[in-house]
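Okay, model_23.pdb now, which holds PDB, N, CA and C atoms and all ligand atoms:
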ATOM      1  N   MET E   1       0.849  -1.174   0.000
ATOM      2  CA  MET E   1       0.000   0.000   0.000
ATOM      3  C   MET E   1       0.890   1.231   0.000
ATOM      4  N   LEU E   2       0.561   2.179  -0.852
ATOM      5  CA  LEU E   2       1.284   3.440  -0.937
ATOM      6  C   LEU E   2       0.415   4.565  -0.377
ATOM      7  N   ILE E   3       1.046   5.430   0.387
ATOM      8  CA  ILE E   3       0.395   6.652   0.842
ATOM      9  C   ILE E   3       1.232   7.808   0.305
ATOM     10  N   THR E   4       0.567   8.763  -0.343
ATOM     11  CA  THR E   4       1.282   9.900  -0.924
ATOM     12  C   THR E   4       1.330  11.036   0.080
ATOM     13  N   CYS E   5       2.489  11.218   0.678
ATOM     14  CA  CYS E   5       2.692  12.312   1.627
ATOM     15  C   CYS E   5       2.747  13.627   0.842
ATOM     16  N   PRO E   6       2.040  14.671   1.304
ATOM     17  CA  PRO E   6       2.087  15.957   0.590
ATOM     18  C   PRO E   6       3.496  16.542   0.483
ATOM     19  N   TYR E   7       4.377  16.246   1.435
ATOM     20  CA  TYR E   7       5.753  16.735   1.377
ATOM     21  C   TYR E   7       6.649  15.814   0.566
ATOM     22  N   CYS E   8       6.563  14.514   0.826
ATOM     23  CA  CYS E   8       7.575  13.553   0.367
ATOM     24  C   CYS E   8       7.176  12.779  -0.885
ATOM     25  N   GLY E   9       5.902  12.778  -1.229
ATOM     26  CA  GLY E   9       5.448  11.998  -2.370
ATOM     27  C   GLY E   9       5.055  10.593  -1.963
ATOM     28  N   PRO E  10       4.847   9.697  -2.943
ATOM     29  CA  PRO E  10       4.388   8.343  -2.643
ATOM     30  C   PRO E  10       5.450   7.548  -1.875
ATOM     31  N   ARG E  11       5.025   6.944  -0.764
ATOM     32  CA  ARG E  11       5.926   6.138   0.056
ATOM     33  C   ARG E  11       5.181   4.888   0.520
ATOM     34  N   ASP E  12       5.950   3.828   0.753
ATOM     35  CA  ASP E  12       5.370   2.577   1.229
ATOM     36  C   ASP E  12       4.780   2.771   2.624
ATOM     37  N   VAL E  13       3.744   2.022   2.921
ATOM     38  CA  VAL E  13       3.065   2.136   4.216
ATOM     39  C   VAL E  13       4.003   1.822   5.383
ATOM     40  N   SER E  14       5.090   1.102   5.138
ATOM     41  CA  SER E  14       6.029   0.774   6.214
ATOM     42  C   SER E  14       6.708   2.027   6.787
ATOM     43  N   GLU E  15       6.653   3.151   6.067
ATOM     44  CA  GLU E  15       7.217   4.400   6.573
ATOM     45  C   GLU E  15       6.245   5.151   7.477
ATOM     46  N   TYR E  16       5.020   4.653   7.572
ATOM     47  CA  TYR E  16       3.971   5.366   8.302
ATOM     48  C   TYR E  16       3.564   4.607   9.560
ATOM     49  N   THR E  17       3.013   5.348  10.504
ATOM     50  CA  THR E  17       2.463   4.768  11.725
ATOM     51  C   THR E  17       1.003   5.162  11.812
ATOM     52  N   TYR E  18       0.158   4.161  11.995
ATOM     53  CA  TYR E  18      -1.273   4.416  12.139
ATOM     54  C   TYR E  18      -1.520   5.106  13.468
ATOM     55  N   GLN E  19      -2.219   6.233  13.435
ATOM     56  CA  GLN E  19      -2.462   7.001  14.656
ATOM     57  C   GLN E  19      -3.904   6.889  15.130
ATOM     58  N   GLY E  20      -4.756   6.273  14.339
ATOM     59  CA  GLY E  20      -6.104   6.041  14.822
ATOM     60  C   GLY E  20      -7.198   6.529  13.894
ATOM     61  N   ASP E  21      -8.401   6.354  14.396
ATOM     62  CA  ASP E  21      -9.621   6.704  13.691
ATOM     63  C   ASP E  21      -9.712   8.223  13.559
ATOM     64  N   GLY E  22      -9.900   8.705  12.355
ATOM     65  CA  GLY E  22      -9.993  10.142  12.114
ATOM     66  C   GLY E  22     -11.377  10.715  12.303
ATOM     67  N   ASN E  23     -12.318   9.885  12.743
ATOM     68  CA  ASN E  23     -13.697  10.343  12.896
ATOM     69  C   ASN E  23     -14.040  10.778  14.314
ATOM     70  N   ARG E  24     -13.162  10.500  15.249
ATOM     71  CA  ARG E  24     -13.516  10.744  16.645
ATOM     72  C   ARG E  24     -13.435  12.227  17.000
ATOM     73  N   THR E  25     -14.315  12.644  17.868
ATOM     74  CA  THR E  25     -14.313  14.002  18.385
ATOM     75  C   THR E  25     -14.195  13.930  19.896
ATOM     76  N   ARG E  26     -13.171  14.585  20.435
ATOM     77  CA  ARG E  26     -12.948  14.560  21.874
ATOM     78  C   ARG E  26     -14.080  15.302  22.583
ATOM     79  N   PRO E  27     -14.636  14.685  23.633
ATOM     80  CA  PRO E  27     -15.694  15.380  24.380
ATOM     81  C   PRO E  27     -15.158  16.624  25.083
ATOM     82  N   ASP E  28     -16.054  17.449  25.517
ATOM     83  CA  ASP E  28     -15.686  18.634  26.300
ATOM     84  C   ASP E  28     -14.871  18.184  27.514
ATOM     85  N   PRO E  29     -13.651  18.707  27.683
ATOM     86  CA  PRO E  29     -12.825  18.283  28.821
ATOM     87  C   PRO E  29     -13.488  18.502  30.173
ATOM     88  N   ALA E  30     -14.422  19.424  30.247
ATOM     89  CA  ALA E  30     -15.107  19.686  31.509
ATOM     90  C   ALA E  30     -16.232  18.695  31.774
ATOM     91  N   SER E  31     -16.542  17.891  30.775
ATOM     92  CA  SER E  31     -17.641  16.948  30.924
ATOM     93  C   SER E  31     -17.266  15.815  31.881
ATOM     94  N   THR E  32     -18.176  15.457  32.739
ATOM     95  CA  THR E  32     -17.962  14.325  33.637
ATOM     96  C   THR E  32     -18.906  13.181  33.299
ATOM     97  N   ASP E  33     -19.516  13.254  32.126
ATOM     98  CA  ASP E  33     -20.442  12.206  31.699
ATOM     99  C   ASP E  33     -19.645  10.951  31.331
ATOM    100  N   GLN E  34     -19.702   9.932  32.179
ATOM    101  CA  GLN E  34     -18.897   8.729  31.971
ATOM    102  C   GLN E  34     -19.274   7.981  30.699
ATOM    103  N   GLU E  35     -20.551   8.042  30.329
ATOM    104  CA  GLU E  35     -21.001   7.348  29.123
ATOM    105  C   GLU E  35     -20.351   7.966  27.880
ATOM    106  N   VAL E  36     -20.249   9.279  27.845
ATOM    107  CA  VAL E  36     -19.630   9.978  26.713
ATOM    108  C   VAL E  36     -18.138   9.657  26.648
ATOM    109  N   TRP E  37     -17.447   9.716  27.787
ATOM    110  CA  TRP E  37     -16.009   9.418  27.810
ATOM    111  C   TRP E  37     -15.737   7.959  27.503
ATOM    112  N   ASN E  38     -16.577   7.069  28.004
ATOM    113  CA  ASN E  38     -16.417   5.646  27.714
ATOM    114  C   ASN E  38     -16.541   5.395  26.207
ATOM    115  N   ALA E  39     -17.510   6.041  25.565
ATOM    116  CA  ALA E  39     -17.681   5.889  24.119
ATOM    117  C   ALA E  39     -16.475   6.440  23.371
ATOM    118  N   TYR E  40     -15.935   7.579  23.836
ATOM    119  CA  TYR E  40     -14.779   8.186  23.170
ATOM    120  C   TYR E  40     -13.543   7.288  23.271
ATOM    121  N   VAL E  41     -13.340   6.690  24.417
ATOM    122  CA  VAL E  41     -12.137   5.887  24.639
ATOM    123  C   VAL E  41     -12.246   4.504  24.000
ATOM    124  N   TYR E  42     -13.420   3.872  24.084
ATOM    125  CA  TYR E  42     -13.508   2.463  23.712
ATOM    126  C   TYR E  42     -14.269   2.155  22.432
ATOM    127  N   ASP E  43     -15.235   2.954  22.048
ATOM    128  CA  ASP E  43     -16.053   2.619  20.870
ATOM    129  C   ASP E  43     -15.301   2.937  19.590
ATOM    130  N   ARG E  44     -15.258   1.981  18.696
ATOM    131  CA  ARG E  44     -14.600   2.179  17.409
ATOM    132  C   ARG E  44     -15.505   1.664  16.293
ATOM    133  N   LEU E  45     -15.422   2.328  15.149
ATOM    134  CA  LEU E  45     -16.106   1.850  13.963
ATOM    135  C   LEU E  45     -15.249   0.785  13.304
ATOM    136  N   ASN E  46     -15.862  -0.113  12.605
ATOM    137  CA  ASN E  46     -15.133  -1.113  11.832
ATOM    138  C   ASN E  46     -15.796  -1.206  10.461
ATOM    139  N   PRO E  47     -15.670  -0.119   9.675
ATOM    140  CA  PRO E  47     -16.412  -0.055   8.427
ATOM    141  C   PRO E  47     -15.817  -0.942   7.329
ATOM    142  N   ALA E  48     -16.672  -1.431   6.480
ATOM    143  CA  ALA E  48     -16.241  -2.108   5.262
ATOM    144  C   ALA E  48     -16.418  -1.100   4.142
ATOM    145  N   GLY E  49     -15.351  -0.378   3.830
ATOM    146  CA  GLY E  49     -15.433   0.676   2.822
ATOM    147  C   GLY E  49     -14.549   1.833   3.226
ATOM    148  N   GLU E  50     -14.920   3.028   2.813
ATOM    149  CA  GLU E  50     -14.079   4.195   3.075
ATOM    150  C   GLU E  50     -14.048   4.534   4.560
ATOM    151  N   HIS E  51     -12.856   4.860   5.037
ATOM    152  CA  HIS E  51     -12.656   5.171   6.440
ATOM    153  C   HIS E  51     -11.661   6.322   6.553
ATOM    154  N   HIS E  52     -11.961   7.284   7.410
ATOM    155  CA  HIS E  52     -11.067   8.421   7.652
ATOM    156  C   HIS E  52     -10.106   8.032   8.775
ATOM    157  N   GLU E  53      -8.816   8.149   8.504
ATOM    158  CA  GLU E  53      -7.802   7.722   9.461
ATOM    159  C   GLU E  53      -6.720   8.786   9.594
ATOM    160  N   ILE E  54      -6.018   8.737  10.714
ATOM    161  CA  ILE E  54      -4.863   9.604  10.928
ATOM    162  C   ILE E  54      -3.618   8.725  10.875
ATOM    163  N   TRP E  55      -2.666   9.106  10.035
ATOM    164  CA  TRP E  55      -1.388   8.403   9.905
ATOM    165  C   TRP E  55      -0.270   9.420  10.109
ATOM    166  N   GLN E  56       0.852   8.955  10.662
ATOM    167  CA  GLN E  56       2.017   9.824  10.779
ATOM    168  C   GLN E  56       3.114   9.281   9.875
ATOM    169  N   HIS E  57       3.740  10.180   9.113
ATOM    170  CA  HIS E  57       4.861   9.771   8.273
ATOM    171  C   HIS E  57       6.107   9.689   9.152
ATOM    172  N   SER E  58       6.126   8.697  10.020
ATOM    173  CA  SER E  58       7.159   8.578  11.056
ATOM    174  C   SER E  58       8.527   8.239  10.471
ATOM    175  N   GLY E  59       8.576   7.632   9.294
ATOM    176  CA  GLY E  59       9.852   7.318   8.658
ATOM    177  C   GLY E  59      10.273   8.377   7.650
ATOM    178  N   GLY E  60       9.611   9.527   7.703
ATOM    179  CA  GLY E  60       9.914  10.596   6.749
ATOM    180  C   GLY E  60       9.846  11.942   7.431
ATOM    181  N   CYS E  61       8.926  12.765   6.993
ATOM    182  CA  CYS E  61       8.847  14.146   7.485
ATOM    183  C   CYS E  61       8.146  14.263   8.831
ATOM    184  N   ARG E  62       7.553  13.180   9.311
ATOM    185  CA  ARG E  62       6.876  13.095  10.613
ATOM    186  C   ARG E  62       5.554  13.859  10.647
ATOM    187  N   ALA E  63       5.055  14.277   9.496
ATOM    188  CA  ALA E  63       3.773  14.988   9.443
ATOM    189  C   ALA E  63       2.630  14.026   9.762
ATOM    190  N   HIS E  64       1.608  14.571  10.411
ATOM    191  CA  HIS E  64       0.383  13.822  10.656
ATOM    192  C   HIS E  64      -0.550  14.064   9.471
ATOM    193  N   LEU E  65      -1.100  12.992   8.934
ATOM    194  CA  LEU E  65      -1.892  13.071   7.722
ATOM    195  C   LEU E  65      -3.296  12.538   7.945
ATOM    196  N   ALA E  66      -4.276  13.192   7.331
ATOM    197  CA  ALA E  66      -5.646  12.696   7.298
ATOM    198  C   ALA E  66      -5.795  11.894   6.011
ATOM    199  N   VAL E  67      -6.025  10.607   6.150
ATOM    200  CA  VAL E  67      -6.055   9.696   5.016
ATOM    201  C   VAL E  67      -7.447   9.086   4.917
ATOM    202  N   THR E  68      -7.998   9.044   3.723
ATOM    203  CA  THR E  68      -9.227   8.302   3.475
ATOM    204  C   THR E  68      -8.841   7.045   2.725
ATOM    205  N   ARG E  69      -9.110   5.894   3.376
ATOM    206  CA  ARG E  69      -8.678   4.605   2.830
ATOM    207  C   ARG E  69      -9.862   3.655   2.790
ATOM    208  N   ASN E  70      -9.967   2.905   1.709
ATOM    209  CA  ASN E  70     -10.989   1.873   1.614
ATOM    210  C   ASN E  70     -10.467   0.637   2.344
ATOM    211  N   THR E  71     -11.173   0.212   3.373
ATOM    212  CA  THR E  71     -10.693  -0.901   4.188
ATOM    213  C   THR E  71     -10.799  -2.248   3.472
ATOM    214  N   LEU E  72     -11.544  -2.311   2.390
ATOM    215  CA  LEU E  72     -11.659  -3.562   1.628
ATOM    216  C   LEU E  72     -10.561  -3.686   0.575
ATOM    217  N   THR E  73     -10.216  -2.573  -0.062
ATOM    218  CA  THR E  73      -9.251  -2.615  -1.166
ATOM    219  C   THR E  73      -7.916  -1.966  -0.827
ATOM    220  N   HIS E  74      -7.859  -1.240   0.284
ATOM    221  CA  HIS E  74      -6.684  -0.465   0.715
ATOM    222  C   HIS E  74      -6.324   0.642  -0.271
ATOM    223  N   VAL E  75      -7.253   1.018  -1.120
ATOM    224  CA  VAL E  75      -7.033   2.151  -2.015
ATOM    225  C   VAL E  75      -7.174   3.439  -1.209
ATOM    226  N   VAL E  76      -6.155   4.276  -1.285
ATOM    227  CA  VAL E  76      -6.162   5.565  -0.588
ATOM    228  C   VAL E  76      -6.735   6.595  -1.543
ATOM    229  N   SER E  77      -7.872   7.186  -1.182
ATOM    230  CA  SER E  77      -8.539   8.118  -2.098
ATOM    231  C   SER E  77      -8.199   9.571  -1.802
ATOM    232  N   SER E  78      -7.738   9.894  -0.593
ATOM    233  CA  SER E  78      -7.317  11.270  -0.332
ATOM    234  C   SER E  78      -6.317  11.297   0.819
ATOM    235  N   VAL E  79      -5.404  12.259   0.728
ATOM    236  CA  VAL E  79      -4.413  12.502   1.780
ATOM    237  C   VAL E  79      -4.252  14.005   1.921
ATOM    238  N   SER E  80      -4.303  14.484   3.146
ATOM    239  CA  SER E  80      -4.037  15.898   3.408
ATOM    240  C   SER E  80      -3.403  15.996   4.791
ATOM    241  N   PHE E  81      -2.867  17.156   5.107
ATOM    242  CA  PHE E  81      -2.323  17.344   6.440
ATOM    243  C   PHE E  81      -3.474  17.298   7.440
ATOM    244  N   ALA E  82      -3.263  16.601   8.547
ATOM    245  CA  ALA E  82      -4.324  16.465   9.541
ATOM    246  C   ALA E  82      -4.743  17.824  10.081
ATOM    247  N   ARG E  83      -3.785  18.746  10.199
ATOM    248  CA  ARG E  83      -4.127  20.068  10.736
ATOM    249  C   ARG E  83      -5.077  20.827   9.817
ATOM    250  N   ASP E  84      -5.062  20.502   8.531
ATOM    251  CA  ASP E  84      -5.925  21.182   7.566
ATOM    252  C   ASP E  84      -7.239  20.456   7.331
ATOM    253  N   ALA E  85      -7.300  19.194   7.739
ATOM    254  CA  ALA E  85      -8.459  18.371   7.397
ATOM    255  C   ALA E  85      -9.680  18.713   8.227
ATOM    256  N   GLY E  86      -9.479  19.100   9.482
ATOM    257  CA  GLY E  86     -10.620  19.365  10.339
ATOM    258  C   GLY E  86     -11.345  18.079  10.649
ATOM    259  N   HIS E  87     -12.435  18.203  11.326
ATOM    260  CA  HIS E  87     -13.215  17.035  11.712
ATOM    261  C   HIS E  87     -14.161  16.638  10.591
ATOM    262  N   LYS E  88     -14.117  15.380  10.207
ATOM    263  CA  LYS E  88     -15.040  14.870   9.194
ATOM    264  C   LYS E  88     -16.364  14.536   9.882
ATOM    265  N   LYS E  89     -17.433  14.949   9.260
ATOM    266  CA  LYS E  89     -18.749  14.733   9.859
ATOM    267  C   LYS E  89     -19.403  13.461   9.357
ATOM    268  N   SER E  90     -18.609  12.452   9.010
ATOM    269  CA  SER E  90     -19.187  11.203   8.490
ATOM    270  C   SER E  90     -19.342  10.158   9.573
ATOM    271  N   ASP E  91     -19.184  10.548  10.821
ATOM    272  CA  ASP E  91     -19.271   9.605  11.924
ATOM    273  C   ASP E  91     -20.705   9.105  12.063
ATOM    274  N   SER E  92     -20.902   7.821  11.815
ATOM    275  CA  SER E  92     -22.249   7.272  11.862
ATOM    276  C   SER E  92     -22.488   6.440  13.110
ATOM    277  N   ARG E  93     -21.513   6.451  14.041
ATOM    278  CA  ARG E  93     -21.700   5.655  15.255
ATOM    279  C   ARG E  93     -22.867   6.212  16.058
ATOM    280  N   ARG E  94     -23.344   5.373  16.929
ATOM    281  CA  ARG E  94     -24.491   5.797  17.730
ATOM    282  C   ARG E  94     -24.075   6.953  18.631
ATOM    283  N   LYS E  95     -24.996   7.821  18.854
ATOM    284  CA  LYS E  95     -24.760   8.946  19.736
ATOM    285  C   LYS E  95     -25.006   8.503  21.169
ATOM    286  N   THR E  96     -24.047   8.783  22.024
ATOM    287  CA  THR E  96     -24.212   8.428  23.430
ATOM    288  C   THR E  96     -24.222   9.701  24.247
ATOM    289  N   GLY E  97     -24.641   9.557  25.436
ATOM    290  CA  GLY E  97     -24.630  10.691  26.330
ATOM    291  C   GLY E  97     -25.918  11.485  26.308
ATOM    292  N   ALA E  98     -26.817  11.148  25.405
ATOM    293  CA  ALA E  98     -28.089  11.846  25.351
ATOM    294  C   ALA E  98     -28.958  11.351  26.503
ATOM    295  N   LYS E  99     -29.296  12.232  27.338
ATOM    296  CA  LYS E  99     -30.125  11.881  28.491
ATOM    297  C   LYS E  99     -31.582  12.047  28.130
ATOM    298  N   ALA E 100     -32.384  11.073  28.559
ATOM    299  CA  ALA E 100     -33.819  11.123  28.281
ATOM    300  C   ALA E 100     -34.529  11.989  29.283
TER
HETATM  301 ZN    ZN E 201       6.342  12.955   4.506
END
Written as structure tokens, that's how I'd like the structure from this file.
Amino acid sequence: MLITCPYCGPRDVSEYTYQGDGNRTRPDPASTDQEVWNAYVYDRLNPAGEHHEIWQHSGGCRAHLAVTRNTLTHVVSSVSFARDAGHKKSDSRRKTGAKA
């Protein structure tokens, strides 16, 4: 699998370190809602298809990258700097913390 770093160009995945799911949004640090924090720490999506991920070019420029990768084919459809990507609103996981 090749990931094209915006600085370095196409490089083998062995130069990169997976940093995690790019869909997560950290809860308000002042929040004490255990259900919300539990979901943030432990709940993960396992999609069959396109997935937003954070990778670091640890064997190169060390930049953090926002990568969209198809988990079935490993085709990388987009790469940008994580700082520029912002939060993707494609998170389809269940919403927790909503009190009835
Ligand atoms: Zn790089």
Enumerate, as an mmCIF file with N, CA and C atoms, in the coordinates of the input, the residues matched when the PyMOL selection byres (((chain E and resi 48-56) around 8) and not hetatm) is run on the file above.
data_model
loop_
_atom_site.group_PDB
_atom_site.id
_atom_site.type_symbol
_atom_site.label_atom_id
_atom_site.label_comp_id
_atom_site.auth_asym_id
_atom_site.auth_seq_id
_atom_site.Cartn_x
_atom_site.Cartn_y
_atom_site.Cartn_z
ATOM 1 N N GLU E 15 6.653 3.151 6.067
ATOM 2 C CA GLU E 15 7.217 4.400 6.573
ATOM 3 C C GLU E 15 6.245 5.151 7.477
ATOM 4 N N TYR E 16 5.020 4.653 7.572
ATOM 5 C CA TYR E 16 3.971 5.366 8.302
ATOM 6 C C TYR E 16 3.564 4.607 9.560
ATOM 7 N N THR E 17 3.013 5.348 10.504
ATOM 8 C CA THR E 17 2.463 4.768 11.725
ATOM 9 C C THR E 17 1.003 5.162 11.812
ATOM 10 N N TYR E 18 0.158 4.161 11.995
ATOM 11 C CA TYR E 18 -1.273 4.416 12.139
ATOM 12 C C TYR E 18 -1.520 5.106 13.468
ATOM 13 N N GLN E 19 -2.219 6.233 13.435
ATOM 14 C CA GLN E 19 -2.462 7.001 14.656
ATOM 15 C C GLN E 19 -3.904 6.889 15.130
ATOM 16 N N GLY E 20 -4.756 6.273 14.339
ATOM 17 C CA GLY E 20 -6.104 6.041 14.822
ATOM 18 C C GLY E 20 -7.198 6.529 13.894
ATOM 19 N N ASP E 21 -8.401 6.354 14.396
ATOM 20 C CA ASP E 21 -9.621 6.704 13.691
ATOM 21 C C ASP E 21 -9.712 8.223 13.559
ATOM 22 N N GLY E 22 -9.900 8.705 12.355
ATOM 23 C CA GLY E 22 -9.993 10.142 12.114
ATOM 24 C C GLY E 22 -11.377 10.715 12.303
ATOM 25 N N ASN E 23 -12.318 9.885 12.743
ATOM 26 C CA ASN E 23 -13.697 10.343 12.896
ATOM 27 C C ASN E 23 -14.040 10.778 14.314
ATOM 28 N N ARG E 24 -13.162 10.500 15.249
ATOM 29 C CA ARG E 24 -13.516 10.744 16.645
ATOM 30 C C ARG E 24 -13.435 12.227 17.000
ATOM 31 N N LEU E 45 -15.422 2.328 15.149
ATOM 32 C CA LEU E 45 -16.106 1.850 13.963
ATOM 33 C C LEU E 45 -15.249 0.785 13.304
ATOM 34 N N ASN E 46 -15.862 -0.113 12.605
ATOM 35 C CA ASN E 46 -15.133 -1.113 11.832
ATOM 36 C C ASN E 46 -15.796 -1.206 10.461
ATOM 37 N N PRO E 47 -15.670 -0.119 9.675
ATOM 38 C CA PRO E 47 -16.412 -0.055 8.427
ATOM 39 C C PRO E 47 -15.817 -0.942 7.329
ATOM 40 N N HIS E 57 3.740 10.180 9.113
ATOM 41 C CA HIS E 57 4.861 9.771 8.273
ATOM 42 C C HIS E 57 6.107 9.689 9.152
ATOM 43 N N SER E 58 6.126 8.697 10.020
ATOM 44 C CA SER E 58 7.159 8.578 11.056
ATOM 45 C C SER E 58 8.527 8.239 10.471
ATOM 46 N N GLY E 59 8.576 7.632 9.294
ATOM 47 C CA GLY E 59 9.852 7.318 8.658
ATOM 48 C C GLY E 59 10.273 8.377 7.650
ATOM 49 N N GLY E 60 9.611 9.527 7.703
ATOM 50 C CA GLY E 60 9.914 10.596 6.749
ATOM 51 C C GLY E 60 9.846 11.942 7.431
ATOM 52 N N CYS E 61 8.926 12.765 6.993
ATOM 53 C CA CYS E 61 8.847 14.146 7.485
ATOM 54 C C CYS E 61 8.146 14.263 8.831
ATOM 55 N N ARG E 62 7.553 13.180 9.311
ATOM 56 C CA ARG E 62 6.876 13.095 10.613
ATOM 57 C C ARG E 62 5.554 13.859 10.647
ATOM 58 N N ALA E 63 5.055 14.277 9.496
ATOM 59 C CA ALA E 63 3.773 14.988 9.443
ATOM 60 C C ALA E 63 2.630 14.026 9.762
ATOM 61 N N HIS E 64 1.608 14.571 10.411
ATOM 62 C CA HIS E 64 0.383 13.822 10.656
ATOM 63 C C HIS E 64 -0.550 14.064 9.471
ATOM 64 N N LEU E 65 -1.100 12.992 8.934
ATOM 65 C CA LEU E 65 -1.892 13.071 7.722
ATOM 66 C C LEU E 65 -3.296 12.538 7.945
ATOM 67 N N ALA E 66 -4.276 13.192 7.331
ATOM 68 C CA ALA E 66 -5.646 12.696 7.298
ATOM 69 C C ALA E 66 -5.795 11.894 6.011
ATOM 70 N N VAL E 67 -6.025 10.607 6.150
ATOM 71 C CA VAL E 67 -6.055 9.696 5.016
ATOM 72 C C VAL E 67 -7.447 9.086 4.917
ATOM 73 N N THR E 68 -7.998 9.044 3.723
ATOM 74 C CA THR E 68 -9.227 8.302 3.475
ATOM 75 C C THR E 68 -8.841 7.045 2.725
ATOM 76 N N ARG E 69 -9.110 5.894 3.376
ATOM 77 C CA ARG E 69 -8.678 4.605 2.830
ATOM 78 C C ARG E 69 -9.862 3.655 2.790
ATOM 79 N N ASN E 70 -9.967 2.905 1.709
ATOM 80 C CA ASN E 70 -10.989 1.873 1.614
ATOM 81 C C ASN E 70 -10.467 0.637 2.344
ATOM 82 N N THR E 71 -11.173 0.212 3.373
ATOM 83 C CA THR E 71 -10.693 -0.901 4.188
ATOM 84 C C THR E 71 -10.799 -2.248 3.472
ATOM 85 N N LEU E 72 -11.544 -2.311 2.390
ATOM 86 C CA LEU E 72 -11.659 -3.562 1.628
ATOM 87 C C LEU E 72 -10.561 -3.686 0.575
ATOM 88 N N THR E 73 -10.216 -2.573 -0.062
ATOM 89 C CA THR E 73 -9.251 -2.615 -1.166
ATOM 90 C C THR E 73 -7.916 -1.966 -0.827
ATOM 91 N N HIS E 74 -7.859 -1.240 0.284
ATOM 92 C CA HIS E 74 -6.684 -0.465 0.715
ATOM 93 C C HIS E 74 -6.324 0.642 -0.271
ATOM 94 N N ALA E 82 -3.263 16.601 8.547
ATOM 95 C CA ALA E 82 -4.324 16.465 9.541
ATOM 96 C C ALA E 82 -4.743 17.824 10.081
ATOM 97 N N LYS E 88 -14.117 15.380 10.207
ATOM 98 C CA LYS E 88 -15.040 14.870 9.194
ATOM 99 C C LYS E 88 -16.364 14.536 9.882
#
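If you look at atom N of Met1 (chain E) and atom C of Val41 (chain E), they are 27.9 Å away from each other.
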Output as AutoDock Vina command-line options the centre and edge lengths (Å, one decimal) of the box along x, y and z of the file that holds every listed atom of region 45-56 of chain E after adding 4 Å on each side.
--center_x -6.8 --center_y 3.9 --center_z 9.0 --size_x 27.8 --size_y 19.9 --size_z 20.3
- chain E: which residues are alpha helix (DSSP H) by DSSP, as a PyMOL selection string? chain E and resi 34-42+82-85
Filtering to N, CA and C atoms, could you give me those residues as an mmCIF file, keeping the file's coordinate frame?
data_model
loop_
_atom_site.group_PDB
_atom_site.id
_atom_site.type_symbol
_atom_site.label_atom_id
_atom_site.label_comp_id
_atom_site.auth_asym_id
_atom_site.auth_seq_id
_atom_site.Cartn_x
_atom_site.Cartn_y
_atom_site.Cartn_z
ATOM 1 N N GLN E 34 -19.702 9.932 32.179
ATOM 2 C CA GLN E 34 -18.897 8.729 31.971
ATOM 3 C C GLN E 34 -19.274 7.981 30.699
ATOM 4 N N GLU E 35 -20.551 8.042 30.329
ATOM 5 C CA GLU E 35 -21.001 7.348 29.123
ATOM 6 C C GLU E 35 -20.351 7.966 27.880
ATOM 7 N N VAL E 36 -20.249 9.279 27.845
ATOM 8 C CA VAL E 36 -19.630 9.978 26.713
ATOM 9 C C VAL E 36 -18.138 9.657 26.648
ATOM 10 N N TRP E 37 -17.447 9.716 27.787
ATOM 11 C CA TRP E 37 -16.009 9.418 27.810
ATOM 12 C C TRP E 37 -15.737 7.959 27.503
ATOM 13 N N ASN E 38 -16.577 7.069 28.004
ATOM 14 C CA ASN E 38 -16.417 5.646 27.714
ATOM 15 C C ASN E 38 -16.541 5.395 26.207
ATOM 16 N N ALA E 39 -17.510 6.041 25.565
ATOM 17 C CA ALA E 39 -17.681 5.889 24.119
ATOM 18 C C ALA E 39 -16.475 6.440 23.371
ATOM 19 N N TYR E 40 -15.935 7.579 23.836
ATOM 20 C CA TYR E 40 -14.779 8.186 23.170
ATOM 21 C C TYR E 40 -13.543 7.288 23.271
ATOM 22 N N VAL E 41 -13.340 6.690 24.417
ATOM 23 C CA VAL E 41 -12.137 5.887 24.639
ATOM 24 C C VAL E 41 -12.246 4.504 24.000
ATOM 25 N N TYR E 42 -13.420 3.872 24.084
ATOM 26 C CA TYR E 42 -13.508 2.463 23.712
ATOM 27 C C TYR E 42 -14.269 2.155 22.432
ATOM 28 N N ALA E 82 -3.263 16.601 8.547
ATOM 29 C CA ALA E 82 -4.324 16.465 9.541
ATOM 30 C C ALA E 82 -4.743 17.824 10.081
ATOM 31 N N ARG E 83 -3.785 18.746 10.199
ATOM 32 C CA ARG E 83 -4.127 20.068 10.736
ATOM 33 C C ARG E 83 -5.077 20.827 9.817
ATOM 34 N N ASP E 84 -5.062 20.502 8.531
ATOM 35 C CA ASP E 84 -5.925 21.182 7.566
ATOM 36 C C ASP E 84 -7.239 20.456 7.331
ATOM 37 N N ALA E 85 -7.300 19.194 7.739
ATOM 38 C CA ALA E 85 -8.459 18.371 7.397
ATOM 39 C C ALA E 85 -9.680 18.713 8.227
#
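Considering the residues E:Thr25, E:Ser80, E:Gln34, E:Ala85 and counting only C-alpha atoms and all ligand atoms, ligand ZN 201 (chain E) has its shortest atom-to-atom contact with E:Ser80.
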- Task: Would you return as an NGL selection string the members of chain E that DSSP assigns to strand (DSSP E) on this structure's backbone?
- Result: :E and (2-5 or 9-12 or 17-21 or 50-56 or 64-70 or 76-81)
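Taking atom N of Gly9 (chain E) and atom N of Arg26 (chain E) as endpoints, the distance between them is 28.9 Å.
Between atom C of Pro6 (chain E) and atom C of Val79 (chain E) the separation is 8.3 Å.
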